[in-house]
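*Asks:* Dropping the structure in here first, questions after.
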Amino acid sequence: MAQALADGLLTGAIYALGAIGLTLTMGILRFANFAHAEMMTWGAYMALGVLTVFGLPSAPLGPLTFGWPLIGATVIAIGLTIALALLIDKLIFARLRGRVNHLTLVFASFGVALLIRNLISLIFGGEATYYTNTLQMAILLAPGLRVMPDQVFIFVMSLVLVVAVQLFLQKTRLGLAMRAVSESPTLAEINGIALSRVVRWVWILGGALAAVAGVLYGVSVQLRPEFGFQLLLPLFAAAIVGGVGNVVGAVLGGFLIGIVESFSVLVIPAGYKLAMPFIVMLLVLYVRPTGLFAGTSGGK
């Protein structure tokens, strides 16, 4: 039980990071961006590309399987993912925003997701790969509970980033502007908030979080071009369960989905784990249609 809880918290931390960017898009830009999970894949592979192109060594840092080269590559990957997000918005979503209905934007995001996934497969191939082949021994924390040092790092880093994003939204002028736009774009614009600036920063913040979440996911398992597609349902479930537009709700929703997935394999075959986010989402929406925490309407 303790091991399942630890595994669920680790998975949930990654879901939480990805769901924050997704819930901001849904709450502020008013459409479900199905390409967000693929940007996680893009960020993960951009870090791999930096390591490969520059021939950086994979020397571990202390008990971790990775070191400063991957951390530096992640910083570059964040910039490349932000650039991709801004480019996609400029070429596609900005041309459609305000001119078509939300369903058209959703279909456009499907097309963008397919383009990104196939571009990654074209550049890096379709085989699974790793950042490093360094072996790591699990640490015994308690009877029946073992964790890898990498898992501890991923969990702590995820919590730090979640707190940083929440403080940004609560304490900064830009964060307050983003929250105002999520509540009422029209009223926010009347009060002098530049909607174009807010939209730009939604893509910047979402792209940065997607890149970090993708790298952390790649460290915890392995890199595959389709892993973004596999994360799509858990991310949407986390954002919807927590309440669309609610960052804290998305974080808690991510942890809930991760824990439920982890515990489910104790009672059902592991192959059915993929259905658990959908089941949790349906149960929560049946009891509370707005999600566990009141978010913005998103679709209105």
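Within each chain, counting starts at residue 1; across the structure tokens, chains are named A, B, ... in the order shown, with ligands numbered 1 upward in that order.
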Listing only residues of stretch 145-181 of chain A within 9 Å of stretch 194-198 of chain A, what is the closest atom pair and its distance in Å (to one decimal) for each, using only C-alpha atoms, sorted by chain and residue number ascending, as JSON lines?
*Replies:*
```
{"residue": "A:Leu174", "atom": "CA", "partner": "A:Val198", "partner_atom": "CA", "distance": 7.5}
{"residue": "A:Gly175", "atom": "CA", "partner": "A:Val198", "partner_atom": "CA", "distance": 8.8}
{"residue": "A:Ala177", "atom": "CA", "partner": "A:Val198", "partner_atom": "CA", "distance": 7.1}
{"residue": "A:Met178", "atom": "CA", "partner": "A:Val198", "partner_atom": "CA", "distance": 5.9}
{"residue": "A:Val181", "atom": "CA", "partner": "A:Leu195", "partner_atom": "CA", "distance": 7.5}
```
*Asks:* Return as a tab-separated table the residues of stretch 6-106 of chain A lying at most 8 Å from stretch 135-138 of chain A, together with the closest atom-to-atom pair for each and the distance in Å to one decimal, counting only C-alpha atoms, with rows in chain order and ascending residue number.
*Replies:*
```
residue	atom	partner	partner_atom	distance
A:Pro63	CA	A:Gln136	CA	7.7
A:Leu64	CA	A:Gln136	CA	7.6
A:Thr65	CA	A:Gln136	CA	6.6
```
*Asks:* Write out as number ranges by chain all residues of stretch 37-143 of chain A that DSSP puts in strand (DSSP E) for this structure's backbone.
*Replies:* A: 139-142
*Asks:* May I have a table of the residues of stretch 163-263 of chain A lying at most 6 Å from stretch 128-132 of chain A, giving each one's closest pair of atoms and their distance in Å to one decimal, counting only C-alpha atoms, ordered by chain and ascending residue number, as a Markdown table?
*Replies:*
```
| residue | atom | partner | partner_atom | distance |
| --- | --- | --- | --- | --- |
| A:Gln222 | CA | A:Tyr130 | CA | 5.3 |
| A:Leu223 | CA | A:Thr129 | CA | 5.2 |
| A:Arg224 | CA | A:Ala128 | CA | 4.8 |
```
*Asks:* From stretch 13-220 of chain A, collect each residue whose DSSP state is alpha helix (DSSP H) and return the set as a PyMOL selection string.
*Replies:* chain A and resi 13-24+36-53+68-88+94-96+102-124+149-171+173-183+185-190+195-220
*Asks:* Each residue of stretch 8-98 of chain A with at least one atom at most 10 Å from stretch 262-285 of chain A should appear once, together with its nearest atom pair and the corresponding distance in Å (one decimal); atoms considered: only C-alpha atoms; ordering: chain, then increasing residue number; output as a Markdown table.
*Replies:*
```
| residue | atom | partner | partner_atom | distance |
| --- | --- | --- | --- | --- |
| A:Gly8 | CA | A:Ser262 | CA | 4.9 |
| A:Leu9 | CA | A:Ser262 | CA | 8.7 |
| A:Leu10 | CA | A:Ser262 | CA | 9.8 |
| A:Thr11 | CA | A:Ser262 | CA | 8.4 |
| A:Gly12 | CA | A:Ser262 | CA | 9.5 |
```
*Asks:* Go through stretch 212-262 of chain A and flag each residue having an atom no more than 12 Å from stretch 25-45 of chain A; for those, report the closest pair of atoms plus their distance in Å to one decimal, using only C-alpha atoms, ordered by chain and rising number, as a Markdown table.
*Replies:*
```
| residue | atom | partner | partner_atom | distance |
| --- | --- | --- | --- | --- |
| A:Val212 | CA | A:Gly43 | CA | 7.1 |
| A:Ala213 | CA | A:Met40 | CA | 6.3 |
| A:Gly214 | CA | A:Met40 | CA | 4.3 |
| A:Val215 | CA | A:Ala44 | CA | 4.4 |
| A:Leu216 | CA | A:Ala44 | CA | 8.0 |
| A:Tyr217 | CA | A:Ala44 | CA | 8.0 |
| A:Gly218 | CA | A:Ala44 | CA | 6.4 |
| A:Val219 | CA | A:Ala44 | CA | 9.1 |
| A:Ser220 | CA | A:Ala44 | CA | 11.6 |
| A:Val221 | CA | A:Ala44 | CA | 11.7 |
| A:Gln222 | CA | A:Ala44 | CA | 10.0 |
| A:Leu223 | CA | A:Ala44 | CA | 7.5 |
| A:Arg224 | CA | A:Thr41 | CA | 8.0 |
| A:Pro225 | CA | A:Thr41 | CA | 6.7 |
| A:Glu226 | CA | A:Thr41 | CA | 7.8 |
| A:Phe227 | CA | A:Thr41 | CA | 6.7 |
| A:Gly228 | CA | A:Ala37 | CA | 4.7 |
| A:Phe229 | CA | A:Ala37 | CA | 6.6 |
| A:Gln230 | CA | A:Ala37 | CA | 8.5 |
| A:Leu231 | CA | A:Ala37 | CA | 6.4 |
| A:Leu232 | CA | A:Ala37 | CA | 5.7 |
| A:Leu233 | CA | A:Ala37 | CA | 9.3 |
| A:Pro234 | CA | A:Ala37 | CA | 9.9 |
| A:Leu235 | CA | A:Ala37 | CA | 7.7 |
| A:Phe236 | CA | A:Ala32 | CA | 8.6 |
| A:Ala237 | CA | A:Ala32 | CA | 11.8 |
| A:Ala239 | CA | A:Met26 | CA | 8.8 |
| A:Ile240 | CA | A:Met26 | CA | 9.6 |
| A:Gly243 | CA | A:Gly27 | CA | 9.4 |
| A:Val244 | CA | A:Gly27 | CA | 5.9 |
| A:Gly245 | CA | A:Gly27 | CA | 4.0 |
| A:Asn246 | CA | A:Gly27 | CA | 7.8 |
| A:Val247 | CA | A:Gly27 | CA | 9.7 |
| A:Ala250 | CA | A:Gly27 | CA | 11.3 |
```
*Asks:* Of the candidates A:Gly206, A:Gly242, A:Gly55, A:Gly258, which shows the shortest atom-to-atom distance to A:Val165, using only C-alpha atoms?
*Replies:* A:Gly206
*Asks:* Against stretch 15-24 of chain A, which residues of stretch 104-205 of chain A fall within 8 Å? For each one I want the closest pair of atoms and the distance in Å (one decimal), counting only C-alpha atoms, rows by chain and increasing residue number, as a Markdown table.
*Replies:*
```
| residue | atom | partner | partner_atom | distance |
| --- | --- | --- | --- | --- |
| A:Ser158 | CA | A:Leu17 | CA | 6.7 |
| A:Leu161 | CA | A:Leu17 | CA | 7.8 |
| A:Val162 | CA | A:Leu17 | CA | 6.9 |
| A:Val202 | CA | A:Leu24 | CA | 6.7 |
| A:Leu205 | CA | A:Gly21 | CA | 6.8 |
```
*Asks:* For the residues in the current selection, export all heavy atoms as an mmCIF file, in the first residue's frame.
*Replies:*
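Produced file out_2.cif, reproduced below:
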```
data_model
loop_
_atom_site.group_PDB
_atom_site.id
_atom_site.type_symbol
_atom_site.label_atom_id
_atom_site.label_comp_id
_atom_site.auth_asym_id
_atom_site.auth_seq_id
_atom_site.Cartn_x
_atom_site.Cartn_y
_atom_site.Cartn_z
ATOM 1 N N SER A 158 8.777 18.976 -8.782
ATOM 2 C CA SER A 158 7.394 19.241 -9.181
ATOM 3 C C SER A 158 6.686 20.112 -8.156
ATOM 4 O O SER A 158 5.982 21.074 -8.510
ATOM 5 C CB SER A 158 6.631 17.924 -9.367
ATOM 6 O OG SER A 158 7.212 17.134 -10.385
ATOM 7 N N LEU A 161 7.923 23.751 -8.403
ATOM 8 C CA LEU A 161 7.370 24.450 -9.558
ATOM 9 C C LEU A 161 5.894 24.766 -9.369
ATOM 10 O O LEU A 161 5.424 25.844 -9.763
ATOM 11 C CB LEU A 161 7.571 23.619 -10.821
ATOM 12 C CG LEU A 161 9.025 23.505 -11.301
ATOM 13 C CD1 LEU A 161 9.133 22.529 -12.468
ATOM 14 C CD2 LEU A 161 9.557 24.866 -11.708
ATOM 15 N N VAL A 162 5.151 23.849 -8.767
ATOM 16 C CA VAL A 162 3.732 24.089 -8.510
ATOM 17 C C VAL A 162 3.554 25.284 -7.577
ATOM 18 O O VAL A 162 2.719 26.169 -7.817
ATOM 19 C CB VAL A 162 3.075 22.832 -7.915
ATOM 20 C CG1 VAL A 162 1.715 23.169 -7.303
ATOM 21 C CG2 VAL A 162 2.916 21.760 -8.986
ATOM 22 N N VAL A 202 0.373 33.007 -21.418
ATOM 23 C CA VAL A 202 -0.232 31.688 -21.200
ATOM 24 C C VAL A 202 0.559 30.631 -21.977
ATOM 25 O O VAL A 202 0.869 29.551 -21.454
ATOM 26 C CB VAL A 202 -1.706 31.684 -21.643
ATOM 27 C CG1 VAL A 202 -2.254 30.252 -21.704
ATOM 28 C CG2 VAL A 202 -2.552 32.498 -20.684
ATOM 29 N N LEU A 205 4.142 30.245 -20.277
ATOM 30 C CA LEU A 205 4.088 29.472 -19.041
ATOM 31 C C LEU A 205 3.718 28.019 -19.318
ATOM 32 O O LEU A 205 4.332 27.094 -18.768
ATOM 33 C CB LEU A 205 3.076 30.108 -18.084
ATOM 34 C CG LEU A 205 2.964 29.499 -16.690
ATOM 35 C CD1 LEU A 205 4.295 29.551 -15.967
ATOM 36 C CD2 LEU A 205 1.899 30.229 -15.872
#
```
*Asks:* What is the distance, in Å and to one decimal place, between atom CA of A:Val156 and atom CA of A:Arg173?
*Replies:*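 Going from atom CA of A:Val156 over to atom CA of A:Arg173, I get 26.9 Å.
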*Asks:* State, in Å with one decimal place, the distance from atom CA of A:Ile204 to atom CA of A:Phe168.
*Replies:* 13.3 Å
*Asks:* Here is a test: counting only C-alpha atoms, which residue of A:Leu70, A:Ala188, A:Val112, A:Ala2 is nearest to A:Leu87?
*Replies:*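 With only C-alpha atoms as the atom set, the closest residue is A:Val112.
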*Asks:* Contacts of A:Leu61 at 12 Å or less, counting only C-alpha atoms, minus same-chain residues fewer than 6 places along, as a PyMOL selection string?
*Replies:* chain A and resi 67-71+134+136+149-150+153
*Asks:* So that I have them on file, write out the residues from the current selection with C-alpha atoms, as a PDB file, in the first residue's frame.
*Replies:*
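Saved the output as part.pdb:
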```pdb
ATOM      1  CA  GLY A  67      23.783  15.409 -13.914  1.00  0.00           C
ATOM      2  CA  TRP A  68      24.315  19.021 -14.904  1.00  0.00           C
ATOM      3  CA  PRO A  69      24.327  18.293 -18.670  1.00  0.00           C
ATOM      4  CA  LEU A  70      20.664  17.190 -18.571  1.00  0.00           C
ATOM      5  CA  ILE A  71      19.735  20.118 -16.343  1.00  0.00           C
ATOM      6  CA  THR A 134      23.142   4.480 -15.501  1.00  0.00           C
ATOM      7  CA  GLN A 136      20.218   3.125  -9.835  1.00  0.00           C
ATOM      8  CA  PRO A 149      16.715   9.019  -5.805  1.00  0.00           C
ATOM      9  CA  ASP A 150      15.468  10.188  -9.220  1.00  0.00           C
ATOM     10  CA  PHE A 153      14.139  14.639  -7.139  1.00  0.00           C
TER      11      PHE A 153
END
```
